[in-house]
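Report on the following structure.
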Amino acid sequence: MYLGSRSKKRRSSPLRILILLALIGAGIYVLIQVRQQEVEPPFVPSPTPTRMASSYVSEAEDLYWEGDLLGAIAAYERAIEMEPGVVEPYIALARLLALKGRTIESIRRAEQAVDRASTNARAWAVLGMTYDWHGEVDRAIGACQRAIELESDCALAYAYLAEAYIDAGDWGKANESIRTALDLDERSVDVQRNYGYVMEVQGNYWEAVNGYRRALGIHPNLAHIHIAIGKNLWQLGTYEAAMESFRKAAEVDPSSAEAHYTLGRAYYESDDHEEAQIHLERATEADPEFGPAYGYLAFTYWSRRNYEDAIPNLQRAIVLSSLGARRRARGYQITIEDRPGQTASPSTEVVMSGAFRPASFEATDTLVAALEPAASDVGWEGAHGTAILDAQTGAYTVTLQQMPETKPDQAYVGWFEGVNTLSGEPVATGPLSLDAGNVEARFEATWVSGPRIDYFYTLGLAYFYMAECDKAYPLFDAALEIDPEDENALQGVRLCRQSEEGS
């Protein structure tokens with residue numbers, strides 16, 4: 001069979017073989033380098049460049065000047081995460097946290113700034129500001145004075161010192177300090193703002209407005225300064241101008257619960273309860289823990305006899321006001337008191353004390369005070385203890401160890417610094433029983449001084465109108481603990497008794 005001729009076998013070119021060998025070798029080399037991560041594999045996207053901490057600081061500064069304090073806070077926190085050793089973001093962040101009412105966090109950040117730069121006058125000055133805004137006036141004065149020792153021409157230190165002095169009631173030193181601050185730096189927004197505040201506390205409302213307006217001339221987008229102007233204008237009786245300032249505050253910082261609250265309250269005081277309700281609801285949305293907004297929101301419902309909606313808002317106002325009061329706990333003391341009576345205030349014989357601090361950044365509402373002996377007397381060498389407060393619930397624990405025995409007619413008593421009962425006395429444990437020199441006891445500080453008296457009696461009256469006097473009586477009792485002669489609470493008690501007698 002004829003199949004055709006067989007083709008001749010082609011001979012390989014030496015050049016072709018060399019080229020193929022070179023390509024194979026190059027491929028093997030690339031594979032080895034990829035495995036050793038010395039070159040990037042093909043078709044893999046290039047990684048996104050990592051932002052520098054300085055870029056977050058720049059972003060924070062831009063957001064601050066725009067009035068977006070929450071955005072600025074977030075950017076400063078990101079910068080700190082990337083470069084925790086740089087002190088300036090801590091100082092700026094502490095100030096902004098205080099402006100937003102987050103004083104516990106602001107203190108922690110300011111203390112971190114001082115820890116990282118103990119000779120930085122601005123760090124000490126802002127620490128003084130955070131202490132003052134948290135109600136720790138004495139510590140604020142000390143921190144500001146330390147700033148001035150480090151830098152005698154630090155305008156911020158004098159401005160914050162003036163604020164602390166005026167809060168302490170020392171008008172003379174406040175006026176002297178704020179004049180020094182103005183001489184050093186009249187272009188500082190905080191210097192002008194604090195000048196306005198010093199004037200306001202002294203009742204010089206027009207001059208306070210002038211100071212606040214100069215502060216706005218430096219930084220026009222700070223909600224708390226617009227609010228301050230509005231409050232002083234309200235005091236002066238220029239109500240529409242005051243409301244315009246409150247509107248501007250809410251405009252420049254929509255996240256400010258205080259701005260919405262002050263505007264809503266102004267509408268309420270003007271008897272426009274429907275418009276008040278709108279802005280008070282916005283305040284609760286901006287900050288679900290802003291207690292005063294719930295209180296006035298409840299009043300708007302009450303004014304229209306909507307007791308069903310007034311009740312939960314008044315309950316929330318009481319809870320949050322009590323929470324805010326417990327968060328302001330400054331310290332804890334152990335004193336020796338005479339038995340059997342329990343005094344309303346601590347004696348001068350303080351034997352153990354400690355300052356409250358948050359347990360951690362994640363647990364800011366768990367406050368811990370490490371208690372140490374007040375003196376190094378014989379018998380107290382090993383004594384120590386802790387006081388732990390859950391600010392959310394009011395539950396607290398006092399633990400003492402290696403305490404000397406007291407005399408038979410005496411006892412140890414624990415006292416809060418900065419947290420009082422409804423009647424205004426410091427929250428106390430009563431006599432503590434020692435067990436071989438040790439104590440571990442649990443207590444509660446649920447209703448403490450903080451909620452307004454009208455929250456209690458209004459809630460009680462709302463329950464009365466809902467025919468629930470069993471719930472109303474404790475609220476009237478709480479109001480009467482604040483003021484034993486309060487006519488609204490007394491009338492509530494009478495109404496409930498009359499309703500029960502007639503049923």
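Scheme for the structure tokens: letters A, B, ... for chains in order shown; per-chain residue numbers from 1; ligand numbers from 1 in order shown.
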
Each residue of segment 296-338 of chain A with at least one atom at most 9 Å from segment 122-141 of chain A should appear once, together with its nearest atom pair and the corresponding distance in Å (one decimal); atoms considered: only C-alpha atoms; ordering: chain, then increasing residue number; output as JSON lines.
{"residue": "A:Arg327", "atom": "CA", "partner": "A:His134", "partner_atom": "CA", "distance": 8.9}
{"residue": "A:Arg328", "atom": "CA", "partner": "A:His134", "partner_atom": "CA", "distance": 6.4}
{"residue": "A:Arg330", "atom": "CA", "partner": "A:Glu136", "partner_atom": "CA", "distance": 7.0}

List as a PyMOL selection string the protein and nucleic acid residues near Glu59 of chain A, meaning an atom at most 9 Å away when only C-alpha atoms are counted, but skip any in the same chain fewer than 3 places from it. chain A and resi 54-56+62-64+71-72+75-76

Which residues, written as a list in words, have at least one atom at most 12 Å from Glu240 of chain A, with only C-alpha atoms counted and residues fewer than 4 positions away on the same chain left out? Gly230, Lys231, Leu233, Trp234, Gln235, Leu236, Glu244, Ser245, Phe246, Arg247, Leu263, Ala266, Tyr267 and Ser270 of chain A

Mind dumping the selected residues with C-alpha atoms as a short mmCIF file (atom, residue, chain, number, x, y, z; two decimals), in the first residue's frame?
data_model
loop_
_atom_site.label_atom_id
_atom_site.label_comp_id
_atom_site.auth_asym_id
_atom_site.auth_seq_id
_atom_site.Cartn_x
_atom_site.Cartn_y
_atom_site.Cartn_z
CA GLY A 230 -26.75 82.21 74.47
CA LYS A 231 -26.93 81.51 78.20
CA LEU A 233 -27.95 86.69 76.60
CA TRP A 234 -30.82 84.76 78.16
CA GLN A 235 -29.80 86.09 81.56
CA LEU A 236 -29.89 89.59 80.09
CA GLU A 244 -30.09 82.36 67.72
CA SER A 245 -26.86 81.51 69.54
CA PHE A 246 -28.27 78.12 70.53
CA ARG A 247 -29.32 77.50 66.91
CA LEU A 263 -32.21 75.17 72.24
CA ALA A 266 -35.26 77.66 75.44
CA TYR A 267 -38.30 76.69 73.38
CA SER A 270 -40.98 80.08 75.74
#

Nearest-residue call for Pro484 of chain A, choices A:Ser423, A:Thr262, A:Ser433, A:Thr393, using only C-alpha atoms: A:Ser423

Proximity of segment 249-305 of chain A to segment 219-223 of chain A: per-residue shortest pair, 7 Å limit, only C-alpha atoms, as JSON lines:
{"residue": "A:Ala249", "atom": "CA", "partner": "A:Ala223", "partner_atom": "CA", "distance": 4.3}
{"residue": "A:Ala250", "atom": "CA", "partner": "A:Ala223", "partner_atom": "CA", "distance": 7.0}
{"residue": "A:Val252", "atom": "CA", "partner": "A:Asn221", "partner_atom": "CA", "distance": 5.6}
{"residue": "A:Asp253", "atom": "CA", "partner": "A:Ala223", "partner_atom": "CA", "distance": 5.9}
{"residue": "A:Ala259", "atom": "CA", "partner": "A:Ala223", "partner_atom": "CA", "distance": 6.9}

Selection export as a short mmCIF file (atom, residue, chain, number, x, y, z; two decimals), in the first residue's frame, atoms kept: N, CA and C atoms:
data_model
loop_
_atom_site.label_atom_id
_atom_site.label_comp_id
_atom_site.auth_asym_id
_atom_site.auth_seq_id
_atom_site.Cartn_x
_atom_site.Cartn_y
_atom_site.Cartn_z
N ALA A 249 -25.08 77.05 67.61
CA ALA A 249 -24.30 75.97 68.24
C ALA A 249 -24.68 74.62 67.64
N ALA A 250 -25.98 74.39 67.47
CA ALA A 250 -26.44 73.12 66.89
C ALA A 250 -26.04 73.01 65.43
N VAL A 252 -23.20 74.41 64.00
CA VAL A 252 -21.76 74.17 63.82
C VAL A 252 -21.34 72.80 64.34
N ASP A 253 -22.10 72.23 65.30
CA ASP A 253 -21.76 70.90 65.82
C ASP A 253 -23.03 70.11 66.05
N ALA A 259 -25.99 71.46 72.76
CA ALA A 259 -26.52 72.50 71.88
C ALA A 259 -28.01 72.27 71.61
#

Smallest atom-to-atom distance to Ala436 of chain A: which of A:Cys144, A:Leu400, A:Ala208, A:Ala298, using only C-alpha atoms? A:Leu400

Check the smallest atom-to-atom distance from each of A:Leu495, A:Trp380, A:Ala375, A:Ala310 to Thr458 of chain A using only C-alpha atoms, then report the winner.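 Among A:Leu495, A:Trp380, A:Ala375, A:Ala310, it is A:Ala310 that comes nearest to Thr458 of chain A.
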
Neighbour list for segment 178-183 of chain A as a PyMOL selection string, cut-off 7 Å, only C-alpha atoms, skip fewer than 6 positions in-chain: chain A and resi 155-156+158-159+162+191+195

Suppose we keep C-alpha atoms; can you now write the selection as a tab-separated table (two decimals), in the first residue's frame?
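Saved result, out32.tsv, follows:
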chain	number	residue	atom	x	y	z
A	155	ALA	CA	-0.94	81.79	78.92
A	156	LEU	CA	-3.06	78.63	78.94
A	158	TYR	CA	-3.04	81.16	83.75
A	159	ALA	CA	-6.34	80.87	81.84
A	162	ALA	CA	-8.41	81.47	86.54
A	191	VAL	CA	-7.91	82.64	77.17
A	195	TYR	CA	-12.22	85.48	80.53

Write out as a PyMOL selection string the set of residues from segment 375-502 of chain A that DSSP, computed on the backbone, places in strand (DSSP E or B). chain A and resi 384-390+395-401+410-420+426-432+435+438-444

One residue among A:Thr284, A:Ser255, A:Gln277, A:Gln410 is nearest to Arg304 of chain A when using only C-alpha atoms, and that residue is A:Gln277

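Compared by their closest atoms to Val448 of chain A, and using only C-alpha atoms, the residues A:Val427, A:Ala276, A:Ala241, A:Ile148 rank with A:Val427 nearest.
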
Residue neighbourhood Leu367 of chain A, 7 Å, only C-alpha atoms, exclusion window fewer than 2 positions, as a PyMOL selection string: chain A and resi 356-359+364-365+369+388-390

Restricted to N, CA and C atoms, what would the selected residues look like written as a tab-separated table (two decimals), in the first residue's frame?
chain	number	residue	atom	x	y	z
A	356	PHE	N	-9.99	58.05	93.30
A	356	PHE	CA	-10.63	57.16	92.33
A	356	PHE	C	-10.03	57.36	90.95
A	357	ARG	N	-9.79	56.25	90.27
A	357	ARG	CA	-9.35	56.27	88.88
A	357	ARG	C	-10.06	55.14	88.13
A	358	PRO	N	-10.32	55.32	86.83
A	358	PRO	CA	-10.94	54.23	86.06
A	358	PRO	C	-10.07	52.98	86.08
A	359	ALA	N	-10.73	51.82	86.10
A	359	ALA	CA	-9.98	50.57	86.12
A	359	ALA	C	-9.14	50.40	84.86
A	364	THR	N	-14.23	52.48	81.99
A	364	THR	CA	-14.14	53.80	82.60
A	364	THR	C	-15.18	54.01	83.69
A	365	ASP	N	-16.22	53.18	83.72
A	365	ASP	CA	-17.25	53.32	84.76
A	365	ASP	C	-17.00	52.39	85.95
A	369	ALA	N	-10.19	53.01	93.89
A	369	ALA	CA	-9.34	53.84	94.76
A	369	ALA	C	-8.48	52.92	95.59
A	388	ILE	N	-14.02	50.02	95.33
A	388	ILE	CA	-14.35	49.83	93.92
A	388	ILE	C	-15.81	50.20	93.72
A	389	LEU	N	-16.05	51.17	92.83
A	389	LEU	CA	-17.41	51.65	92.56
A	389	LEU	C	-17.81	51.33	91.13
A	390	ASP	N	-18.97	50.70	90.97
A	390	ASP	CA	-19.58	50.54	89.66
A	390	ASP	C	-20.48	51.74	89.45

List the neighbours of Thr397 of chain A out to 9 Å using only C-alpha atoms; skip same-chain residues closer than 6 positions along the sequence, and give me the result as a PDB file with C-alpha atoms, in the first residue's frame.
ATOM      1  CA  THR A 386      -9.418  49.297  97.935  1.00  0.00           C
ATOM      2  CA  ALA A 387     -12.758  50.897  97.206  1.00  0.00           C
ATOM      3  CA  ILE A 388     -14.346  49.827  93.922  1.00  0.00           C
ATOM      4  CA  LEU A 389     -17.407  51.652  92.561  1.00  0.00           C
ATOM      5  CA  ASP A 390     -19.577  50.536  89.658  1.00  0.00           C
ATOM      6  CA  GLU A 440     -14.785  43.091 102.879  1.00  0.00           C
ATOM      7  CA  ALA A 441     -18.238  44.644 102.554  1.00  0.00           C
ATOM      8  CA  ARG A 442     -20.619  45.526  99.731  1.00  0.00           C
ATOM      9  CA  PHE A 443     -22.959  48.520  99.604  1.00  0.00           C
ATOM     10  CA  GLU A 444     -25.131  50.487  97.185  1.00  0.00           C
TER      11      GLU A 444
END

As a list in words, please: the residues near Ile73 of chain A (cut-off 8 Å, only C-alpha atoms, same-chain neighbours under 4 positions excluded).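 Returned residues: Ala60, Leu69, Glu77, Leu93, Leu96 and Leu97 of chain A.
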
Hey, can you spit out that residue selection with C-alpha atoms as a PDB file, in the first residue's frame?
ATOM      1  CA  ALA A  60      -7.545  66.351  63.484  1.00  0.00           C
ATOM      2  CA  LEU A  69     -14.813  67.755  67.533  1.00  0.00           C
ATOM      3  CA  GLU A  77      -6.738  58.733  68.869  1.00  0.00           C
ATOM      4  CA  LEU A  93      -7.070  65.047  72.717  1.00  0.00           C
ATOM      5  CA  LEU A  96     -11.269  68.044  73.214  1.00  0.00           C
ATOM      6  CA  LEU A  97     -12.550  65.183  75.366  1.00  0.00           C
TER       7      LEU A  97
END

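We find atom CA of Glu111 of chain A and atom CA of Ile218 of chain A to be spaced 27.9 Å apart.
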
Helix (DSSP H, G or I) per DSSP on the backbone: members of segment 61-278 of chain A, as a PyMOL selection string: chain A and resi 61-66+69-82+88-99+103-116+121-133+137-150+155-167+171-184+189-201+205-218+223-235+239-252+257-269+273-278

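Computed from the coordinates, the atom CA of Ile278 of chain A to atom CA of Arg102 of chain A distance equals 24.9 Å.
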